[in-house]
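Structure file target09.txt with compact mmCIF, C-alpha atoms:
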# COMPACT_ATOMS: atom_id res chain seq x y z
CA MET A 212 0.00 0.00 0.00
CA SER A 213 1.41 3.39 -0.85
CA ALA A 214 1.98 5.96 1.87
CA PRO A 215 -1.10 8.14 2.15
CA HIS A 216 0.63 11.21 3.54
CA ARG A 217 3.53 13.24 2.33
CA PHE A 218 5.14 13.85 5.69
CA ARG A 219 8.06 16.13 6.13
CA HIS A 220 10.63 13.74 7.40
CA GLY A 221 12.04 15.24 10.56
CA LEU A 222 11.29 18.72 9.28
CA ARG A 223 9.16 20.95 11.40
CA ARG A 224 8.43 24.55 10.63
CA ARG A 225 7.61 27.01 13.33
CA PRO A 226 5.45 29.65 11.69
CA ALA A 227 6.17 33.14 12.85
CA VAL A 228 3.54 34.25 15.25
CA PHE A 229 3.20 37.95 15.80
CA GLY A 230 1.41 39.96 18.42
CA THR A 231 -2.29 40.58 18.77
CA ALA A 232 -2.21 43.74 16.70
CA ALA A 233 -0.50 41.97 13.88
CA ALA A 234 -2.98 39.16 14.17
CA ALA A 235 -5.87 41.59 13.88
CA VAL A 236 -4.36 43.10 10.76
CA ALA A 237 -3.69 39.66 9.43
CA LEU A 238 -7.29 38.70 9.86
CA LEU A 239 -8.31 41.63 7.69
CA PHE A 240 -6.10 40.23 4.99
CA THR A 241 -7.01 36.63 5.42
CA ALA A 242 -7.71 35.68 1.88
CA VAL A 243 -10.78 33.81 0.91
CA PRO A 244 -9.19 30.43 0.43
CA THR A 245 -9.58 30.24 -3.30
CA ALA A 246 -6.02 31.26 -4.06
CA VAL A 247 -4.48 28.14 -2.65
CA ALA A 248 -1.52 27.33 -4.82
CA ALA A 249 -0.22 24.31 -3.02
CA PRO A 250 -0.88 20.95 -4.57
CA ALA A 251 -4.20 19.48 -3.58
CA PRO A 252 -3.59 15.82 -3.05
CA ALA A 253 -6.18 13.37 -4.13
CA PRO A 254 -8.03 12.04 -1.12
CA ALA A 255 -6.96 8.60 -0.14
CA ALA A 256 -9.71 6.09 -0.47
CA LEU A 257 -8.57 3.59 2.11
CA THR A 258 -8.11 3.64 5.79
CA THR A 259 -4.42 3.67 6.64
CA THR A 260 -2.33 3.51 9.75
CA TRP A 261 0.20 5.95 11.08
CA GLY A 262 2.01 4.40 14.01
CA ASP A 263 -0.79 3.41 16.34
CA PHE A 264 -3.21 5.88 14.74
CA THR A 265 -5.82 4.90 12.17
CA CYS A 266 -6.39 7.48 9.44
CA ASP A 267 -9.75 7.55 7.69
CA GLY A 268 -9.66 7.46 3.92
CA GLY A 269 -11.76 10.56 3.27
CA LEU A 270 -11.44 14.21 4.16
CA TYR A 271 -13.40 16.12 6.76
CA ARG A 272 -14.37 19.61 7.65
CA ILE A 273 -14.36 20.58 11.30
CA LYS A 274 -17.38 22.77 11.81
CA ALA A 275 -17.14 25.42 14.50
CA PRO A 276 -20.01 26.10 16.93
CA THR A 277 -21.21 29.22 15.18
CA PRO A 278 -24.49 30.33 13.68
CA GLY A 279 -22.74 30.73 10.31
CA ASP A 280 -21.03 28.02 8.36
CA LEU A 281 -17.55 28.43 9.85
CA ALA A 282 -14.95 25.70 9.72
CA LEU A 283 -11.41 25.29 11.05
CA THR A 284 -9.20 26.68 8.32
CA VAL A 285 -5.47 27.08 7.81
CA ALA A 286 -4.97 30.83 7.40
CA LEU A 287 -3.25 32.01 4.24
CA SER A 288 -2.55 35.66 4.95
CA PRO A 289 1.07 36.71 5.64
CA GLY A 290 0.48 37.75 9.24
CA ASN A 291 -0.94 34.50 10.52
CA HIS A 292 0.02 32.18 7.73
CA GLY A 293 -0.26 28.57 8.80
CA SER A 294 -2.26 29.29 11.92
CA VAL A 295 -5.76 27.95 12.33
CA ILE A 296 -8.78 30.20 12.28
CA GLN A 297 -12.49 29.67 11.99
CA TYR A 298 -13.49 30.78 8.51
CA VAL A 299 -16.54 30.67 6.35
CA TRP A 300 -16.71 27.35 4.52
CA THR A 301 -15.77 27.47 0.84
CA GLY A 302 -14.61 23.89 0.48
CA GLU A 303 -10.95 24.60 -0.30
CA SER A 304 -8.14 22.25 0.63
CA ASN A 305 -6.97 24.40 3.52
CA GLN A 306 -10.35 23.74 5.16
CA LYS A 307 -10.29 19.97 4.79
CA TRP A 308 -8.58 17.65 7.19
CA ILE A 309 -7.28 14.12 7.28
CA TYR A 310 -8.51 12.54 10.46
CA CYS A 311 -6.32 10.04 12.32
CA HIS A 312 -7.46 8.61 15.59
CA ARG A 313 -6.62 6.14 18.33
CA PRO A 314 -9.24 4.94 20.80
CA GLU A 315 -8.38 5.24 24.48
CA SER A 316 -9.54 3.08 27.37
CA ASP A 317 -11.42 5.97 28.99
CA GLY A 318 -13.80 6.31 26.03
CA THR A 319 -12.03 9.27 24.45
CA GLU A 320 -9.96 9.26 21.29
CA THR A 321 -6.55 10.73 20.71
CA VAL A 322 -6.60 12.39 17.31
CA VAL A 323 -4.16 13.90 14.85
CA LEU A 324 -5.54 16.31 12.24
CA GLN A 325 -3.59 16.95 9.09
CA ASP A 326 -4.67 19.66 6.68
CA SER A 327 -5.19 18.44 3.14
CA TRP A 328 -3.59 21.56 1.63
CA ARG A 329 0.06 21.02 2.57
CA ARG A 330 -0.34 18.04 4.88
CA TRP A 331 0.80 19.74 8.05
CA CYS A 332 -0.48 18.76 11.46
CA LEU A 333 -2.68 20.69 13.84
CA ALA A 334 -0.49 21.72 16.79
CA VAL A 335 -0.11 24.08 19.71
CA ASP A 336 2.22 26.99 18.97
CA ARG A 337 5.72 26.36 20.29
CA ASP A 338 4.44 23.50 22.45
CA SER A 339 2.98 26.10 24.80
CA MET A 340 1.28 25.10 28.03
CA SER A 341 -0.37 28.51 28.39
CA SER A 342 -3.90 29.67 27.79
CA GLY A 343 -4.16 31.89 24.74
CA ALA A 344 -1.48 30.05 22.76
CA TRP A 345 -2.35 29.77 19.11
CA ILE A 346 -3.42 26.62 17.41
CA LEU A 347 -1.60 26.32 14.12
CA THR A 348 -0.16 23.78 11.74
CA THR A 349 3.38 22.46 11.85
CA GLY A 350 5.17 19.87 9.79
CA CYS A 351 4.30 16.31 10.64
CA PHE A 352 6.80 13.58 11.31
CA SER A 353 6.61 10.34 9.40
CA ASP A 354 7.73 8.10 12.21
CA HIS A 355 5.95 9.49 15.24
CA VAL A 356 3.45 12.09 16.42
CA PRO A 357 4.71 14.44 19.15
CA THR A 358 2.26 15.16 21.95
CA GLU A 359 1.82 18.80 20.92
CA GLN A 360 0.29 17.49 17.68
CA GLN A 361 -2.03 15.11 19.52
CA PHE A 362 -5.43 16.18 20.77
CA VAL A 363 -7.86 14.37 23.01
CA LYS A 364 -11.32 14.20 21.51
CA THR A 365 -14.08 14.08 24.13
CA LYS A 366 -17.57 13.49 22.81
CA VAL A 367 -20.81 14.90 24.14
CA PRO A 368 -22.98 11.83 24.74
CA GLY A 369 -25.96 11.57 22.44
CA THR A 370 -24.68 14.17 19.98
CA ASP A 371 -22.06 14.40 17.24
CA LEU A 372 -20.33 17.22 19.11
CA PHE A 373 -16.86 16.91 20.55
CA ALA A 374 -14.24 19.00 22.30
CA LEU A 375 -10.52 18.94 21.60
CA GLN A 376 -7.91 19.11 24.32
CA GLY A 377 -4.19 19.48 23.79
CA GLN A 378 -2.54 16.22 24.80
CA HIS A 379 0.53 17.84 26.31
CA SER A 380 -1.02 21.04 27.67
CA ARG A 381 -4.42 19.67 28.78
CA LYS A 382 -5.86 22.98 27.54
CA TRP A 383 -8.99 23.15 25.46
CA VAL A 384 -9.31 24.26 21.85
CA ALA A 385 -11.64 27.21 21.22
CA ALA A 386 -11.98 30.36 19.15
CA SER A 387 -10.69 33.56 20.68
CA GLY A 388 -12.46 36.88 20.54
CA THR A 389 -16.13 37.62 20.14
CA PHE A 390 -18.19 34.53 19.65
CA GLY A 391 -19.06 33.45 16.14
CA GLN A 392 -16.93 35.91 14.19
CA ASN A 393 -15.47 34.94 10.85
CA GLY A 394 -11.66 34.85 11.00
CA ASN A 395 -11.24 34.41 14.75
CA GLN A 396 -7.99 32.78 15.74
CA ILE A 397 -8.24 29.34 17.32
CA THR A 398 -6.36 29.13 20.62
CA GLN A 399 -6.06 26.84 23.62
CA GLY A 400 -7.65 27.82 26.90
CA ASP A 401 -9.75 26.80 29.85
CA GLN A 402 -13.13 26.57 28.13
CA PRO A 403 -13.75 24.34 25.13
CA ASP A 404 -15.67 24.92 21.95
CA LEU A 405 -17.62 22.00 20.54
CA TYR A 406 -16.98 20.93 16.97
CA THR A 407 -18.51 18.48 14.56
CA LEU A 408 -16.66 16.40 12.04
CA GLN A 409 -18.33 16.24 8.65
CA ALA A 410 -17.15 14.14 5.73
CA VAL A 411 -16.63 16.23 2.59
CA MET B 165 -12.63 -32.39 60.99
CA ALA B 166 -10.61 -30.63 63.63
CA SER B 167 -8.55 -29.05 60.87
CA ARG B 168 -11.69 -27.87 59.04
CA ASN B 169 -12.95 -26.33 62.26
CA ARG B 170 -9.70 -24.57 62.74
CA ARG B 171 -9.88 -23.18 59.21
CA ALA B 172 -13.44 -22.02 59.79
CA ALA B 173 -12.42 -20.29 62.97
CA LEU B 174 -9.55 -18.60 61.15
CA ALA B 175 -11.79 -17.41 58.35
CA SER B 176 -14.35 -16.04 60.72
CA GLY B 177 -11.57 -14.29 62.58
CA PHE B 178 -10.40 -12.60 59.37
CA THR B 179 -13.94 -11.57 58.52
CA ALA B 180 -14.34 -9.94 61.90
CA LEU B 181 -10.99 -8.19 61.50
CA PHE B 182 -11.90 -6.72 58.09
CA ALA B 183 -15.31 -5.65 59.33
CA VAL B 184 -13.75 -3.72 62.19
CA ALA B 185 -11.19 -2.14 59.87
CA GLY B 186 -13.94 -1.10 57.49
CA LEU B 187 -15.87 0.60 60.24
CA GLY B 188 -12.76 2.35 61.46
CA LEU B 189 -12.09 3.90 58.06
CA GLY B 190 -15.42 5.70 58.07
CA ALA B 191 -16.14 5.47 54.36
CA ALA B 192 -18.68 7.92 53.01
CA PRO B 193 -19.64 6.67 49.56
CA ALA B 194 -21.48 8.81 47.06
CA GLN B 195 -22.57 8.53 43.44
CA ALA B 196 -20.73 9.92 40.42
CA ASP B 197 -23.69 11.75 39.05
CA PRO B 198 -23.27 14.02 36.04
CA PRO B 199 -24.63 17.56 36.22
CA PRO B 200 -28.40 17.49 36.70
CA ASN B 201 -28.90 19.21 33.35
CA PRO B 202 -26.64 18.20 30.43
CA VAL B 203 -27.10 21.64 28.85
CA CYS B 204 -25.34 24.77 30.11
CA ASN B 205 -24.86 28.40 29.16
CA PRO B 206 -21.16 29.15 28.51
CA ASP B 207 -21.76 32.87 29.08
CA ARG B 208 -22.85 32.13 32.63
CA ASP B 209 -21.61 28.66 33.59
CA TYR B 210 -18.01 27.60 33.79
CA LEU B 211 -17.60 24.39 35.70
CA TRP B 212 -19.51 21.85 37.73
CA GLU B 213 -17.72 19.73 40.28
CA ASP B 214 -18.78 16.96 42.58
CA ILE B 215 -17.08 14.83 45.19
CA VAL B 216 -17.84 11.24 44.29
CA THR B 217 -16.36 9.56 47.35
CA ALA B 218 -14.75 10.80 50.54
CA ARG B 219 -13.10 8.47 53.01
CA VAL B 220 -11.97 9.72 56.42
CA GLU B 221 -9.13 7.92 58.11
CA PRO B 222 -7.60 8.98 61.45
CA THR B 223 -3.86 9.05 60.91
CA VAL B 224 -1.23 9.33 63.62
CA THR B 225 1.70 11.25 62.16
CA ASP B 226 3.99 11.58 65.21
CA PHE B 227 4.09 9.44 68.31
CA LEU B 228 6.01 8.67 71.47
CA ALA B 229 5.20 6.09 74.13
CA VAL B 230 6.14 7.14 77.66
CA ALA B 231 6.21 4.90 80.73
CA ILE B 232 5.93 6.78 84.00
CA ALA B 233 7.07 4.65 86.91
CA PRO B 234 6.05 5.33 90.51
CA GLY B 235 8.16 8.14 91.88
CA THR B 236 8.89 9.65 88.47
CA THR B 237 5.77 11.74 87.99
CA GLY B 238 6.18 15.37 87.02
CA GLN B 239 6.42 17.60 83.98
CA TYR B 240 8.36 16.39 80.95
CA THR B 241 9.06 17.81 77.51
CA LYS B 242 9.31 15.03 74.97
CA THR B 243 10.11 14.93 71.27
CA LEU B 244 7.80 12.80 69.17
CA SER B 245 8.94 10.57 66.30
CA GLU B 246 7.41 10.93 62.87
CA ILE B 247 5.70 7.72 61.87
CA ASP B 248 3.54 8.86 58.96
CA SER B 249 2.65 11.96 56.99
CA VAL B 250 -0.21 13.21 54.89
CA ARG B 251 -0.01 15.71 52.06
CA THR B 252 -2.49 17.21 49.69
CA THR B 253 -2.59 15.61 46.28
CA VAL B 254 -4.73 15.81 43.16
CA ASN B 255 -4.49 12.86 40.81
CA ASP B 256 -1.46 11.62 42.76
CA SER B 257 0.35 14.90 42.09
CA VAL B 258 1.44 17.10 44.97
CA GLU B 259 1.17 20.16 42.73
CA VAL B 260 -2.26 21.39 43.74
CA THR B 261 -3.08 24.33 41.53
CA ALA B 262 -5.31 27.18 42.64
CA ASP B 263 -8.26 25.99 40.57
CA PHE B 264 -8.58 22.95 42.82
CA LYS B 265 -9.18 25.07 45.91
CA ALA B 266 -12.92 25.04 45.26
CA LEU B 267 -12.78 21.27 45.02
CA PHE B 268 -11.30 21.01 48.52
CA VAL B 269 -13.93 23.42 49.82
CA LYS B 270 -16.49 20.93 48.54
CA VAL B 271 -14.62 18.15 50.32
CA SER B 272 -14.93 20.14 53.57
CA ALA B 273 -18.67 20.41 53.04
CA LYS B 274 -18.89 16.70 52.33
CA VAL B 275 -16.99 15.47 55.39
CA GLY B 276 -18.21 18.16 57.79
CA PHE B 277 -14.87 19.65 58.82
CA SER B 278 -12.33 22.00 57.26
CA VAL B 279 -9.59 20.37 55.23
CA ALA B 280 -6.43 21.81 53.73
CA THR B 281 -7.30 23.56 50.48
CA THR B 282 -3.82 24.41 49.22
CA LYS B 283 -0.59 22.53 48.70
CA SER B 284 0.44 21.41 52.18
CA SER B 285 1.74 18.56 54.30
CA THR B 286 1.54 17.45 57.93
CA ARG B 287 5.30 17.13 57.95
CA THR B 288 7.02 19.51 60.33
CA THR B 289 10.54 19.92 61.66
CA THR B 290 10.13 18.73 65.26
CA VAL B 291 7.09 17.92 67.35
CA THR B 292 7.57 18.39 71.09
CA ASP B 293 5.04 18.03 73.83
CA THR B 294 5.25 19.23 77.41
CA VAL B 295 3.05 17.10 79.66
CA ASN B 296 2.54 16.98 83.39
CA PHE B 297 2.28 13.30 84.30
CA ASN B 298 0.71 13.27 87.72
CA SER B 299 0.26 9.53 88.06
CA PRO B 300 2.30 6.50 87.01
CA GLY B 301 1.21 4.65 83.88
CA TYR B 302 1.78 4.05 80.21
CA TYR B 303 1.09 7.08 78.03
CA GLY B 304 1.14 7.91 74.35
CA LEU B 305 1.99 11.39 73.09
CA TYR B 306 0.62 11.84 69.61
CA ARG B 307 0.11 14.27 66.80
CA GLY B 308 -2.16 13.36 63.93
CA THR B 309 -4.94 14.30 61.63
CA ARG B 310 -7.93 13.00 59.81
CA LYS B 311 -6.77 12.07 56.35
CA VAL B 312 -9.42 12.41 53.67
CA THR B 313 -9.07 10.56 50.38
CA GLY B 314 -11.59 10.33 47.62
CA GLU B 315 -12.64 10.86 44.06
CA TRP B 316 -13.98 13.85 42.17
CA VAL B 317 -15.48 14.69 38.83
CA ARG B 318 -15.33 17.99 36.99
CA TYR B 319 -17.39 19.09 34.05
CA LEU B 320 -16.69 22.16 31.92
CA CYS B 321 -19.34 24.06 30.01
CA ALA B 322 -18.34 23.68 26.36
CA ARG B 323 -19.74 26.12 23.81
CA SER B 324 -21.98 24.68 21.13
CA GLY B 325 -23.62 27.90 19.98
CA PRO B 326 -24.58 31.41 21.08
CA GLY B 327 -25.46 31.09 24.76
CA THR B 328 -25.68 27.32 24.53
CA GLY B 329 -23.37 24.53 25.54
CA TYR B 330 -23.00 21.09 27.03
CA TRP B 331 -21.18 19.87 30.10
CA ILE B 332 -18.02 17.98 29.18
CA ASN B 333 -16.53 15.48 31.61
CA THR B 334 -12.88 16.38 32.14
CA THR B 335 -12.11 13.02 33.74
CA PRO B 336 -13.84 10.54 31.44
CA GLY B 337 -13.42 6.88 32.22
CA SER B 338 -12.46 7.24 35.85
CA PRO B 339 -12.85 10.04 38.35
CA GLY B 340 -9.95 12.13 39.56
CA THR B 341 -8.47 11.44 42.98
CA PHE B 342 -7.52 13.64 45.90
CA THR B 343 -5.92 13.52 49.34
CA THR B 344 -6.23 16.21 51.96
CA PHE B 345 -6.38 16.42 55.75
CA ASP B 346 -7.89 18.08 58.78
CA VAL B 347 -6.05 20.57 61.01
CA PRO B 348 -3.50 18.46 62.93
CA GLU B 349 -4.29 17.61 66.54
CA GLN B 350 -1.83 16.94 69.33
CA GLY B 351 -2.54 15.23 72.65
CA THR B 352 -1.98 12.44 75.12
CA VAL B 353 -3.65 9.06 75.49
CA SER B 354 -3.18 6.46 78.16
CA CYS B 355 -3.92 2.82 78.65
CA GLY B 356 -6.16 3.73 81.54
CA SER B 357 -8.61 5.70 79.39
CA PRO B 358 -10.39 3.99 76.49
CA GLU B 359 -11.18 6.23 73.49
CA PRO B 360 -14.18 6.17 71.13
CA ALA B 361 -13.58 3.84 68.18
CA GLY B 362 -12.75 5.47 64.87
CA THR B 363 -11.23 8.58 66.42
CA LEU B 364 -7.67 9.82 66.13
CA ARG B 365 -7.25 9.28 69.88
CA ALA B 366 -8.28 5.66 69.51
CA ALA B 367 -5.76 5.25 66.66
CA ALA B 368 -3.06 6.75 68.89
CA ARG B 369 -4.01 4.53 71.81
CA LEU B 370 -3.77 1.46 69.60
CA ARG B 371 -0.07 2.24 69.23
CA LEU B 372 0.41 1.82 72.96
CA PHE B 373 -0.35 -1.89 72.81
CA CYS B 374 -2.22 -1.67 76.08
CA PRO B 375 -2.76 -4.95 77.95
CA GLN B 376 -6.21 -6.38 77.30
CA PRO B 377 -8.53 -6.17 80.34
Structure rendered as structure tokens:
Amino acid sequence: MSAPHRFRHGLRRRPAVFGTAAAAVALLFTAVPTAVAAPAPAPAALTTTWGDFTCDGGLYRIKAPTPGDLALTVALSPGNHGSVIQYVWTGESNQKWIYCHRPESDGTETVVLQDSWRRWCLAVDRDSMSSGAWILTTGCFSDHVPTEQQFVKTKVPGTDLFALQGQHSRKWVAASGTFGQNGNQITQGDQPDLYTLQAV
Amino acid sequence: MASRNRRAALASGFTALFAVAGLGLGAAPAQADPPPNPVCNPDRDYLWEDIVTARVEPTVTDFLAVAIAPGTTGQYTKTLSEIDSVRTTVNDSVEVTADFKALFVKVSAKVGFSVATTKSSTRTTTVTDTVNFNSPGYYGLYRGTRKVTGEWVRYLCARSGPGTGYWINTTPGSPGTFTTFDVPEQGTVSCGSPEPAGTLRAAARLRLFCPQP
């Protein structure tokens, strides 16, 4: 079976993260994700394994808990390039995710989310333990998944909603700023947002 | 037959022993109920905590046995030996962060006395006791506490929409654990004065190995 992911072997990029003001400016310039130039890989059809993670064959969008149709999106603007924001759904590759998961004995799942645009992994900025740290994408490893790229998925019983918690920081993933706004940066903190995973 | 009888007597002896130990521990079981309403408002609600179990156990931390012979009565200052210690823990970690203070306040409400709510230990440099022994006998000088161990659950209000959310269990699978303790108590027990079962004084007196009446 051919490898489903083009991992950056041992290479990890740390996107530059600027201050709040820069982030605000960046949000203004966050391009509608139609200008994605990176190669859009064909979705793998088969379930594959990555270490002890199982990766589903299809792609998913991660819908944010907003009245509008906002989804977790890899930002493309220069100021916050590579970070993850909630952005109106347009169906581009930087809004689609490869979903790898490992069931845990306590009923949760540990998940790794890889964007389908450049195949980088959802991560906590600079492995931070602090509230307010940005959620972004960093290069994946082919041979292992570091804990800052692992998230614990806790489901709400009886619904398709789930929360994500940084494996190493134990902080929760949520949008910063005013609730429901297009372009809000995703950060880790003390109160979780609930997401849904939808096959696309 | 005689052997079977002996075995039966042994077994019944063990049963009695465990029953007494169980009573002495003073278990206070409770149920791990989720929040009464699964829905919350993230603009107003933040967390919901509950103490699932709380077990109170008298624990002697420092002790010294003193034999006062006839003609040796009087006032003595003695140094006690540390025999045990209790420290606050959350999930087996001694690093008790500030956001667990409210949890320990709930433990206090559950057990009916004030427990340590911040990172602390019963351990101290030296424990001395000055006692006036006015009659001969076998005495125990003790310092101890009521250790409280148990389990907790914590739910966070997770946002699912404007003003709406659901409680998320932060300890899925198994509850979190804690250890804390009452304000330490220091005193004297003697073989001549029985103490109520299950108390710290009774635990201290047990260490004297008093002759059975």
Q) Expressed in Å to a single decimal, how great is the separation between atom CA of Phe264 of chain A and atom CA of Ile397 of chain A? A) 24.1 Å
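The coordinates place atom CA of Ile346 of chain A at 18.1 Å from atom CA of Thr277 of chain A.
In chain A, the set of residues within 6 Å of chain B (atoms considered: only C-alpha atoms) is Pro276, Thr277, Asp317, Pro403, Asp404 and Leu405 of chain A.
Between Glu221 of chain B and the residues B:Leu364, B:Val295, B:Leu370, B:Ala266, the shortest atom-to-atom distance, using only C-alpha atoms, involves B:Leu364.
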Q | Among the residues A:Cys332, A:Lys366, A:Ser387, A:Leu372, the one that comes closest to Glu320 of chain A [using only C-alpha atoms] | A |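 With only C-alpha atoms as the atom set, the closest residue is A:Lys366.
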Q: Pick out the residues sitting within 12 Å of Ile309 of chain A, and hand them over as JSON, numbers by chain; count only C-alpha atoms, and ignore anything fewer than 2 positions along from it in its own chain.
A: {"A": [215, 216, 217, 252, 253, 254, 255, 256, 257, 258, 259, 260, 261, 264, 265, 266, 267, 268, 269, 270, 271, 272, 273, 304, 305, 306, 307, 311, 312, 322, 323, 324, 325, 326, 327, 328, 329, 330, 331, 332, 333, 408, 409, 410, 411]}
Please produce a file of those selected residues containing C-alpha atoms, as a PDB file, in the coordinates of the input.
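Final output, again25.pdb:
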ATOM      1  CA  PRO A 215      -1.100   8.140   2.150  1.00  0.00           C
ATOM      2  CA  HIS A 216       0.630  11.210   3.540  1.00  0.00           C
ATOM      3  CA  ARG A 217       3.530  13.240   2.330  1.00  0.00           C
ATOM      4  CA  PRO A 252      -3.590  15.820  -3.050  1.00  0.00           C
ATOM      5  CA  ALA A 253      -6.180  13.370  -4.130  1.00  0.00           C
ATOM      6  CA  PRO A 254      -8.030  12.040  -1.120  1.00  0.00           C
ATOM      7  CA  ALA A 255      -6.960   8.600  -0.140  1.00  0.00           C
ATOM      8  CA  ALA A 256      -9.710   6.090  -0.470  1.00  0.00           C
ATOM      9  CA  LEU A 257      -8.570   3.590   2.110  1.00  0.00           C
ATOM     10  CA  THR A 258      -8.110   3.640   5.790  1.00  0.00           C
ATOM     11  CA  THR A 259      -4.420   3.670   6.640  1.00  0.00           C
ATOM     12  CA  THR A 260      -2.330   3.510   9.750  1.00  0.00           C
ATOM     13  CA  TRP A 261       0.200   5.950  11.080  1.00  0.00           C
ATOM     14  CA  PHE A 264      -3.210   5.880  14.740  1.00  0.00           C
ATOM     15  CA  THR A 265      -5.820   4.900  12.170  1.00  0.00           C
ATOM     16  CA  CYS A 266      -6.390   7.480   9.440  1.00  0.00           C
ATOM     17  CA  ASP A 267      -9.750   7.550   7.690  1.00  0.00           C
ATOM     18  CA  GLY A 268      -9.660   7.460   3.920  1.00  0.00           C
ATOM     19  CA  GLY A 269     -11.760  10.560   3.270  1.00  0.00           C
ATOM     20  CA  LEU A 270     -11.440  14.210   4.160  1.00  0.00           C
ATOM     21  CA  TYR A 271     -13.400  16.120   6.760  1.00  0.00           C
ATOM     22  CA  ARG A 272     -14.370  19.610   7.650  1.00  0.00           C
ATOM     23  CA  ILE A 273     -14.360  20.580  11.300  1.00  0.00           C
ATOM     24  CA  SER A 304      -8.140  22.250   0.630  1.00  0.00           C
ATOM     25  CA  ASN A 305      -6.970  24.400   3.520  1.00  0.00           C
ATOM     26  CA  GLN A 306     -10.350  23.740   5.160  1.00  0.00           C
ATOM     27  CA  LYS A 307     -10.290  19.970   4.790  1.00  0.00           C
ATOM     28  CA  CYS A 311      -6.320  10.040  12.320  1.00  0.00           C
ATOM     29  CA  HIS A 312      -7.460   8.610  15.590  1.00  0.00           C
ATOM     30  CA  VAL A 322      -6.600  12.390  17.310  1.00  0.00           C
ATOM     31  CA  VAL A 323      -4.160  13.900  14.850  1.00  0.00           C
ATOM     32  CA  LEU A 324      -5.540  16.310  12.240  1.00  0.00           C
ATOM     33  CA  GLN A 325      -3.590  16.950   9.090  1.00  0.00           C
ATOM     34  CA  ASP A 326      -4.670  19.660   6.680  1.00  0.00           C
ATOM     35  CA  SER A 327      -5.190  18.440   3.140  1.00  0.00           C
ATOM     36  CA  TRP A 328      -3.590  21.560   1.630  1.00  0.00           C
ATOM     37  CA  ARG A 329       0.060  21.020   2.570  1.00  0.00           C
ATOM     38  CA  ARG A 330      -0.340  18.040   4.880  1.00  0.00           C
ATOM     39  CA  TRP A 331       0.800  19.740   8.050  1.00  0.00           C
ATOM     40  CA  CYS A 332      -0.480  18.760  11.460  1.00  0.00           C
ATOM     41  CA  LEU A 333      -2.680  20.690  13.840  1.00  0.00           C
ATOM     42  CA  LEU A 408     -16.660  16.400  12.040  1.00  0.00           C
ATOM     43  CA  GLN A 409     -18.330  16.240   8.650  1.00  0.00           C
ATOM     44  CA  ALA A 410     -17.150  14.140   5.730  1.00  0.00           C
ATOM     45  CA  VAL A 411     -16.630  16.230   2.590  1.00  0.00           C
TER      46      VAL A 411
END
Q: For Ala286 of chain A, list every protein, DNA or RNA residue within 7 Å, evaluated using all atoms listed in the file, and leave out those in the same chain fewer than 2 positions away; present the list as a list of chain:residue names.
A: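 Here the qualifying residues turn out to be A:Thr241, A:Thr284, A:Ser288, A:Asn291, A:His292, A:Gly293, A:Ser294, A:Val295, A:Ile296.
Note that atom CA of Arg365 of chain B and atom CA of Thr241 of chain B are 19.9 Å apart.
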Q | Spatial sel., origin (-0.4, 15.1, 25.3), limit 12 Å, only C-alpha atoms, listed as a PyMOL selection string | A | chain A and resi 320-323+334-335+338-340+356-364+375-383
Can you tell me, as a tab-separated table (two decimals) with C-alpha atoms, in the frame of the given file, what residues are no more than 10 Å from segment 346-348 of chain B when counting only C-alpha atoms, ignoring any on the same chain fewer than 5 positions away?
chain	number	residue	atom	x	y	z
B	220	VAL	CA	-11.97	9.72	56.42
B	222	PRO	CA	-7.60	8.98	61.45
B	223	THR	CA	-3.86	9.05	60.91
B	224	VAL	CA	-1.23	9.33	63.62
B	225	THR	CA	1.70	11.25	62.16
B	250	VAL	CA	-0.21	13.21	54.89
B	272	SER	CA	-14.93	20.14	53.57
B	277	PHE	CA	-14.87	19.65	58.82
B	278	SER	CA	-12.33	22.00	57.26
B	279	VAL	CA	-9.59	20.37	55.23
B	280	ALA	CA	-6.43	21.81	53.73
B	281	THR	CA	-7.30	23.56	50.48
B	286	THR	CA	1.54	17.45	57.93
B	307	ARG	CA	0.11	14.27	66.80
B	308	GLY	CA	-2.16	13.36	63.93
B	309	THR	CA	-4.94	14.30	61.63
B	310	ARG	CA	-7.93	13.00	59.81
B	311	LYS	CA	-6.77	12.07	56.35
B	312	VAL	CA	-9.42	12.41	53.67
N, CA and C atoms are needed for segment 266-271 of chain B; please write them out as an mmCIF file, in the frame of the given file.
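This went into out07.cif:
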data_model
loop_
_atom_site.group_PDB
_atom_site.id
_atom_site.type_symbol
_atom_site.label_atom_id
_atom_site.label_comp_id
_atom_site.auth_asym_id
_atom_site.auth_seq_id
_atom_site.Cartn_x
_atom_site.Cartn_y
_atom_site.Cartn_z
ATOM 1 N N ALA B 266 -11.465 25.196 45.140
ATOM 2 C CA ALA B 266 -12.920 25.040 45.260
ATOM 3 C C ALA B 266 -13.296 23.582 45.457
ATOM 4 N N LEU B 267 -12.520 22.703 44.867
ATOM 5 C CA LEU B 267 -12.780 21.270 45.020
ATOM 6 C C LEU B 267 -12.605 20.868 46.492
ATOM 7 N N PHE B 268 -11.545 21.357 47.119
ATOM 8 C CA PHE B 268 -11.300 21.010 48.520
ATOM 9 C C PHE B 268 -12.338 21.664 49.442
ATOM 10 N N VAL B 269 -12.845 22.815 49.041
ATOM 11 C CA VAL B 269 -13.930 23.420 49.820
ATOM 12 C C VAL B 269 -15.149 22.493 49.791
ATOM 13 N N LYS B 270 -15.390 21.894 48.640
ATOM 14 C CA LYS B 270 -16.490 20.930 48.540
ATOM 15 C C LYS B 270 -16.226 19.686 49.393
ATOM 16 N N VAL B 271 -14.956 19.295 49.465
ATOM 17 C CA VAL B 271 -14.620 18.150 50.320
ATOM 18 C C VAL B 271 -14.957 18.489 51.774
#
